[in-house]
Structures are given as C-alpha cells and as structure tokens.
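Below is one structure; the comments refer to it alone.
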Amino acid sequence: MPLSPTDAVAALKDKFGDGVLEVIEFRGETAVELKADILVEAATFLRDGADYDLPIDVMAVDFEDSEPRFLVLWEIMSTGNSGNLRLRVRTTEDEAEVPSLSHLYPGMNWMEREVYDMSGVKFAGHPDLRRILMWPGYPYHPLRKEFPLEGKSSEEPGFAFSNPAPLEGGPFTAAAVSEHAHESEPRSNAPKLD
C-alpha cells in the first residue's frame with residue numbers, strides 16, 4: 001500500500017531519527033533531506049515499505065562557495081493506487097560523492113551518469129560511472145559553477161575539439177527587448193481573462 005509523501009516522511013523519521021535532517025514542503029511537493037550515510041537504507045525503505053517504485057529524475061546543484069557545495073536530489077514516484085505520489089529525496093555533500101541508488105532503481109543508472117558527466121558528482125557503487133553526454137577524456141564538467149558560460153577550449157585527439165562560443169550575439173544571449181516585452185513573452189501559459 002503506497003504511503004502519501006507526508007506519511008512516508010513520518011515513517012522515515014520514526015525509522016531513521018536524526019538521519020532525517022529536514023523536510024521541505026513547497027507548492028504541494030515534499031522533499032526530505034537525509035544524511036548521506038543512511039541514503040541507501042532509506043531509499044530501500046521507501047521502495048519496499050512505502051511503495052515508491054518508479055525513479056523520475058536525478059539532479060545536482062553546485063553552490064560553489066557554500067558548504068556543503070553540492071545538493072543531490074532523487075525524485076521518485078509511487079505507481080500504486082492513483083500513481084501520483086511523488087517524493088524528493090536529497091542529500092548534501094562537500095566532496096561531490098554520494099551513494100548510488102541505481103542498484104535499487106535500475107532506471108537511475110543513466111540519470112546518475114548524466115549528473116556525473118555534467119556536474120562531476122560521483123556515485124559510489126554505480127556499476128558503470130562514465131561519461132554519457134560528453135566525449136571520453138573531456139576534462140571538464142559543464143554544469144559546475146566555475147565552468148564559464150562561453151565554454152572552454154579542449155582537444156581530444158581522435159575524438160573531438162571545442163572552442164569557446166562568442167557571447168555577443170551568440171547562442172547564450174538574448175536580443176535587447178523593447179518596453180513592450182510583456183506582449184511578446186507571456187509569463188504564464190494560462191489563458192488571459194477579460
């Protein structure tokens with residue numbers, strides 16, 4: 001029987017006590033921050049005891065000058081009953097290494113590889129942690145804060161090369177807008193009511 005996110009978090013608190021660091025409720029969504037050392041055991045409980053059986057996404061945020069530097073977040077869902085119960089499980093780390101959950105949720109295999117490739121976060125215990133988007137040997141992780149917006153030059157003989165992109169008029173800039181920008185860029189997809 002699937003547990004609601006609120007009930008799942010209450011069960012985590014009962015089972016893991018101080019291992020549950022924070023519960024964040026925002027716009028009807030629930031995230032629970034856990035100590036990294038209980039992450040695998042807590043995720044196993046959520047999968048087997050609370051019926052959160054479907055991996056949705058894995059993300060990482062680099063706060064560069066903060067401690068801890070990285071926030072890693074796994075979004076999982078329960079497909080039981082209504083199939084619309086979602087929970088975010090997160091942890092923070094300074095050293096950019098967290099436990100892998102891919103052995104519990106095989107669908108997280110490539111998601112964790114993407115986070116590693118783009119952010120440099122390593123997933124301890126991952127069965128095949130290698131680049132998935134950038135070419136082998138690429139020396140950078142493009143979603144880290146120290147990576148410049150225009151990119152960096154690199155050459156990998158036999159694979160690929162890259163040069164920085166010009167920022168002025170390049171793909172990462174927006175054209176100047178007029179005072180009537182609100183007419184061309186609506187802030188909501190909701191229909192306007194007259």
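Just remember, in the structure tokens the first chain shown is A, the second B, etc., residues are 1-based per chain, and ligands are 1-based in the order shown.
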Might you pull out every residue within 10 Å of Arg69 (chain A), with only C-alpha atoms counted and same-chain residues fewer than 3 positions away left off, and present them as a ChimeraX atom specification? /A:61-66,92-96
Might you pull out every residue within 9 Å of region 38-45 of chain A, with only C-alpha atoms counted and same-chain residues fewer than 2 positions away left off, and present them as a JSON list (two decimals) with all heavy atoms, in the first residue's frame?
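What follows is the written file out_11.json:
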```json
[["chain", "number", "residue", "atom", "x", "y", "z"],
["A", 12, "LEU", "N", 9.88, 7.64, 7.77],
["A", 12, "LEU", "CA", 11.35, 7.82, 7.73],
["A", 12, "LEU", "C", 11.85, 8.39, 9.05],
["A", 12, "LEU", "O", 12.87, 7.95, 9.58],
["A", 12, "LEU", "CB", 11.75, 8.74, 6.58],
["A", 12, "LEU", "CG", 11.74, 8.17, 5.17],
["A", 12, "LEU", "CD1", 12.00, 9.26, 4.15],
["A", 12, "LEU", "CD2", 12.77, 7.06, 5.02],
["A", 15, "LYS", "N", 11.83, 5.69, 11.69],
["A", 15, "LYS", "CA", 12.83, 4.64, 11.46],
["A", 15, "LYS", "C", 14.27, 5.15, 11.57],
["A", 15, "LYS", "O", 15.14, 4.46, 12.08],
["A", 15, "LYS", "CB", 12.60, 4.01, 10.09],
["A", 15, "LYS", "CG", 13.45, 2.80, 9.80],
["A", 15, "LYS", "CD", 12.94, 2.07, 8.57],
["A", 15, "LYS", "CE", 13.77, 0.88, 8.19],
["A", 15, "LYS", "NZ", 13.81, -0.18, 9.18],
["A", 16, "PHE", "N", 14.53, 6.38, 11.08],
["A", 16, "PHE", "CA", 15.91, 6.86, 10.99],
["A", 16, "PHE", "C", 16.24, 8.04, 11.91],
["A", 16, "PHE", "O", 17.39, 8.45, 11.96],
["A", 16, "PHE", "CB", 16.24, 7.22, 9.54],
["A", 16, "PHE", "CG", 16.14, 6.05, 8.61],
["A", 16, "PHE", "CD1", 15.03, 5.88, 7.79],
["A", 16, "PHE", "CD2", 17.14, 5.09, 8.58],
["A", 16, "PHE", "CE1", 14.93, 4.79, 6.94],
["A", 16, "PHE", "CE2", 17.05, 3.99, 7.74],
["A", 16, "PHE", "CZ", 15.94, 3.85, 6.92],
["A", 19, "GLY", "N", 18.77, 10.90, 11.22],
["A", 19, "GLY", "CA", 19.21, 10.79, 9.83],
["A", 19, "GLY", "C", 18.37, 11.63, 8.89],
["A", 19, "GLY", "O", 18.78, 11.95, 7.78],
["A", 20, "VAL", "N", 17.15, 11.99, 9.33],
["A", 20, "VAL", "CA", 16.28, 12.88, 8.57],
["A", 20, "VAL", "C", 16.61, 14.30, 9.02],
["A", 20, "VAL", "O", 16.31, 14.69, 10.15],
["A", 20, "VAL", "CB", 14.79, 12.55, 8.79],
["A", 20, "VAL", "CG1", 13.91, 13.53, 8.04],
["A", 20, "VAL", "CG2", 14.50, 11.12, 8.37],
["A", 34, "LEU", "N", 18.26, 13.89, 3.75],
["A", 34, "LEU", "CA", 18.78, 12.80, 4.57],
["A", 34, "LEU", "C", 20.29, 12.90, 4.68],
["A", 34, "LEU", "O", 20.96, 13.42, 3.78],
["A", 34, "LEU", "CB", 18.43, 11.45, 3.93],
["A", 34, "LEU", "CG", 16.95, 11.18, 3.66],
["A", 34, "LEU", "CD1", 16.79, 9.90, 2.86],
["A", 34, "LEU", "CD2", 16.18, 11.11, 4.96],
["A", 35, "LYS", "N", 20.83, 12.35, 5.76],
["A", 35, "LYS", "CA", 22.28, 12.20, 5.85],
["A", 35, "LYS", "C", 22.70, 11.19, 4.79],
["A", 35, "LYS", "O", 22.00, 10.19, 4.54],
["A", 35, "LYS", "CB", 22.69, 11.69, 7.23],
["A", 35, "LYS", "CG", 22.55, 12.71, 8.33],
["A", 35, "LYS", "CD", 23.03, 12.14, 9.66],
["A", 35, "LYS", "CE", 22.91, 13.17, 10.75],
["A", 35, "LYS", "NZ", 23.31, 12.63, 12.07],
["A", 36, "ALA", "N", 23.83, 11.42, 4.17],
["A", 36, "ALA", "CA", 24.29, 10.55, 3.08],
["A", 36, "ALA", "C", 24.50, 9.11, 3.54],
["A", 36, "ALA", "O", 24.27, 8.18, 2.77],
["A", 36, "ALA", "CB", 25.58, 11.10, 2.47],
["A", 47, "ARG", "N", 11.22, 2.33, -1.23],
["A", 47, "ARG", "CA", 10.83, 1.44, -2.33],
["A", 47, "ARG", "C", 10.01, 0.25, -1.83],
["A", 47, "ARG", "O", 8.95, -0.03, -2.37],
["A", 47, "ARG", "CB", 12.08, 0.94, -3.07],
["A", 47, "ARG", "CG", 11.74, 0.10, -4.30],
["A", 47, "ARG", "CD", 12.94, -0.64, -4.82],
["A", 47, "ARG", "NE", 13.36, -1.63, -3.82],
["A", 47, "ARG", "CZ", 14.41, -2.41, -3.95],
["A", 47, "ARG", "NH1", 15.18, -2.33, -5.01],
["A", 47, "ARG", "NH2", 14.73, -3.27, -3.00],
["A", 48, "ASP", "N", 10.50, -0.43, -0.80],
["A", 48, "ASP", "CA", 9.88, -1.67, -0.35],
["A", 48, "ASP", "C", 8.75, -1.47, 0.66],
["A", 48, "ASP", "O", 7.79, -2.23, 0.68],
["A", 48, "ASP", "CB", 10.93, -2.60, 0.25],
["A", 48, "ASP", "CG", 12.01, -2.97, -0.76],
["A", 48, "ASP", "OD1", 11.77, -2.84, -1.98],
["A", 48, "ASP", "OD2", 13.10, -3.38, -0.32],
["A", 49, "GLY", "N", 8.87, -0.45, 1.51],
["A", 49, "GLY", "CA", 7.89, -0.28, 2.58],
["A", 49, "GLY", "C", 6.85, 0.80, 2.31],
["A", 49, "GLY", "O", 5.80, 0.82, 2.94],
["A", 50, "ALA", "N", 7.16, 1.74, 1.40],
["A", 50, "ALA", "CA", 6.22, 2.83, 1.14],
["A", 50, "ALA", "C", 5.75, 2.83, -0.30],
["A", 50, "ALA", "O", 4.98, 3.69, -0.70],
["A", 50, "ALA", "CB", 6.87, 4.17, 1.48],
["A", 51, "ASP", "N", 6.26, 1.89, -1.10],
["A", 51, "ASP", "CA", 5.81, 1.68, -2.49],
["A", 51, "ASP", "C", 6.22, 2.80, -3.44],
["A", 51, "ASP", "O", 5.54, 3.06, -4.43],
["A", 51, "ASP", "CB", 4.30, 1.44, -2.53],
["A", 51, "ASP", "CG", 3.87, 0.72, -3.79],
["A", 51, "ASP", "OD1", 4.68, -0.02, -4.36],
["A", 51, "ASP", "OD2", 2.72, 0.91, -4.22],
["A", 52, "TYR", "N", 7.34, 3.48, -3.16],
["A", 52, "TYR", "CA", 7.87, 4.46, -4.12],
["A", 52, "TYR", "C", 8.79, 3.68, -5.06],
["A", 52, "TYR", "O", 9.97, 3.48, -4.79],
["A", 52, "TYR", "CB", 8.57, 5.60, -3.39],
["A", 52, "TYR", "CG", 7.57, 6.56, -2.82],
["A", 52, "TYR", "CD1", 6.95, 6.31, -1.60],
["A", 52, "TYR", "CD2", 7.19, 7.70, -3.53],
["A", 52, "TYR", "CE1", 5.99, 7.16, -1.09],
["A", 52, "TYR", "CE2", 6.23, 8.57, -3.02],
["A", 52, "TYR", "CZ", 5.63, 8.29, -1.81],
["A", 52, "TYR", "OH", 4.67, 9.14, -1.32],
["A", 89, "VAL", "N", 14.01, 12.99, -2.56],
["A", 89, "VAL", "CA", 14.97, 12.60, -1.53],
["A", 89, "VAL", "C", 16.27, 13.31, -1.89],
["A", 89, "VAL", "O", 16.73, 13.23, -3.03],
["A", 89, "VAL", "CB", 15.18, 11.07, -1.53],
["A", 89, "VAL", "CG1", 16.25, 10.68, -0.54],
["A", 89, "VAL", "CG2", 13.86, 10.36, -1.24],
["A", 90, "ARG", "N", 16.84, 14.02, -0.91],
["A", 90, "ARG", "CA", 18.03, 14.80, -1.22],
["A", 90, "ARG", "C", 19.08, 14.67, -0.13],
["A", 90, "ARG", "O", 18.76, 14.32, 1.01],
["A", 90, "ARG", "CB", 17.69, 16.26, -1.46],
["A", 90, "ARG", "CG", 16.99, 16.91, -0.30],
["A", 90, "ARG", "CD", 16.49, 18.30, -0.62],
["A", 90, "ARG", "NE", 17.23, 19.30, 0.14],
["A", 90, "ARG", "CZ", 17.08, 20.59, 0.00],
["A", 90, "ARG", "NH1", 16.24, 21.07, -0.87],
["A", 90, "ARG", "NH2", 17.78, 21.42, 0.74],
["A", 91, "THR", "N", 20.32, 14.96, -0.52],
["A", 91, "THR", "CA", 21.41, 14.98, 0.44],
["A", 91, "THR", "C", 22.41, 16.03, -0.02],
["A", 91, "THR", "O", 22.41, 16.43, -1.19],
["A", 91, "THR", "CB", 22.08, 13.59, 0.59],
["A", 91, "THR", "OG1", 22.93, 13.60, 1.73],
["A", 91, "THR", "CG2", 22.86, 13.20, -0.64],
["A", 98, "VAL", "N", 28.37, 10.77, -3.52],
["A", 98, "VAL", "CA", 27.20, 10.30, -2.78],
["A", 98, "VAL", "C", 26.96, 8.85, -3.15],
["A", 98, "VAL", "O", 27.45, 8.38, -4.18],
["A", 98, "VAL", "CB", 25.95, 11.15, -3.09],
["A", 98, "VAL", "CG1", 26.14, 12.58, -2.63],
["A", 98, "VAL", "CG2", 25.60, 11.08, -4.55],
["A", 99, "PRO", "N", 26.20, 8.11, -2.36],
["A", 99, "PRO", "CA", 25.90, 6.72, -2.72],
["A", 99, "PRO", "C", 25.00, 6.66, -3.96],
["A", 99, "PRO", "O", 24.13, 7.50, -4.15],
["A", 99, "PRO", "CB", 25.15, 6.18, -1.49],
["A", 99, "PRO", "CG", 25.44, 7.13, -0.39],
["A", 99, "PRO", "CD", 25.69, 8.46, -1.03],
["A", 100, "SER", "N", 25.23, 5.67, -4.77],
["A", 100, "SER", "CA", 24.37, 5.43, -5.93],
["A", 100, "SER", "C", 23.10, 4.71, -5.48],
["A", 100, "SER", "O", 23.13, 3.88, -4.59],
["A", 100, "SER", "CB", 25.10, 4.55, -6.95],
["A", 100, "SER", "OG", 24.22, 4.17, -8.00],
["A", 101, "LEU", "N", 21.98, 5.04, -6.14],
["A", 101, "LEU", "CA", 20.73, 4.33, -5.90],
["A", 101, "LEU", "C", 20.35, 3.48, -7.11],
["A", 101, "LEU", "O", 19.25, 2.94, -7.17],
["A", 101, "LEU", "CB", 19.60, 5.31, -5.58],
["A", 101, "LEU", "CG", 19.78, 6.16, -4.32],
["A", 101, "LEU", "CD1", 18.56, 7.03, -4.08],
["A", 101, "LEU", "CD2", 20.08, 5.30, -3.10],
["A", 104, "LEU", "N", 18.99, -0.02, -6.61],
["A", 104, "LEU", "CA", 17.61, -0.09, -6.14],
["A", 104, "LEU", "C", 16.62, 0.26, -7.26],
["A", 104, "LEU", "O", 15.55, -0.31, -7.35],
["A", 104, "LEU", "CB", 17.38, 0.88, -4.98],
["A", 104, "LEU", "CG", 18.18, 0.63, -3.72],
["A", 104, "LEU", "CD1", 17.99, 1.77, -2.74],
["A", 104, "LEU", "CD2", 17.78, -0.69, -3.09]]
```
Atom pair CA of Thr30 (chain A) / CA of Val9 (chain A): separation (Å): 8.7 Å
Choose the residue, out of A:Leu21, A:Leu133, A:Val115, A:Ala31, that has the smallest atom-to-atom separation from Met59 (chain A); count only C-alpha atoms. A:Val115
Do you know which residues are at most 12 Å from Asn84 (chain A) counting only C-alpha atoms, after dropping those on the same chain fewer than 3 positions away, and could you put them as a ChimeraX atom specification? /A:2-5,29,51-54,56,76-81,87
DSSP says helix (DSSP H, G or I) for which residues of region 42-147 of chain A? Put them as JSON, numbers by chain? {"A": [42, 43, 44, 45, 46, 47, 48, 108, 109, 110, 111, 112, 113, 114, 115, 116, 117, 118, 119]}
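The shortest atom-to-atom distance to His141 (chain A), with only C-alpha atoms taken into account, belongs to A:Ala60 out of A:Met111, A:Leu71, A:Arg27, A:Ala60.
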In terms of only C-alpha atoms, the residue from A:Tyr105, A:Phe147, A:Trp110, A:Phe26 at minimal distance from Asp128 (chain A) is A:Trp110
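A straight line drawn from CA of Glu155 (chain A) to CA of Val121 (chain A) is 23.0 Å long.
A straight line drawn from CA of Lys152 (chain A) to CA of Gly120 (chain A) is 16.0 Å long.
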Let's see if you can do this: from backbone DSSP, list all strand (DSSP E or B) residues in region 11-165 of chain A, as a VMD selection string. chain A and resid 20 to 26 29 to 34 54 to 62 70 to 78 85 to 93 97 to 99 122 to 124 154 to 156 160 to 162
Selected residue, from A:Glu97, A:Glu75, A:Pro142, A:Ser102, that lies nearest to Asp117 (chain A) when counting only C-alpha atoms: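 Among A:Glu97, A:Glu75, A:Pro142, A:Ser102, it is A:Pro142 that comes nearest to Asp117 (chain A).
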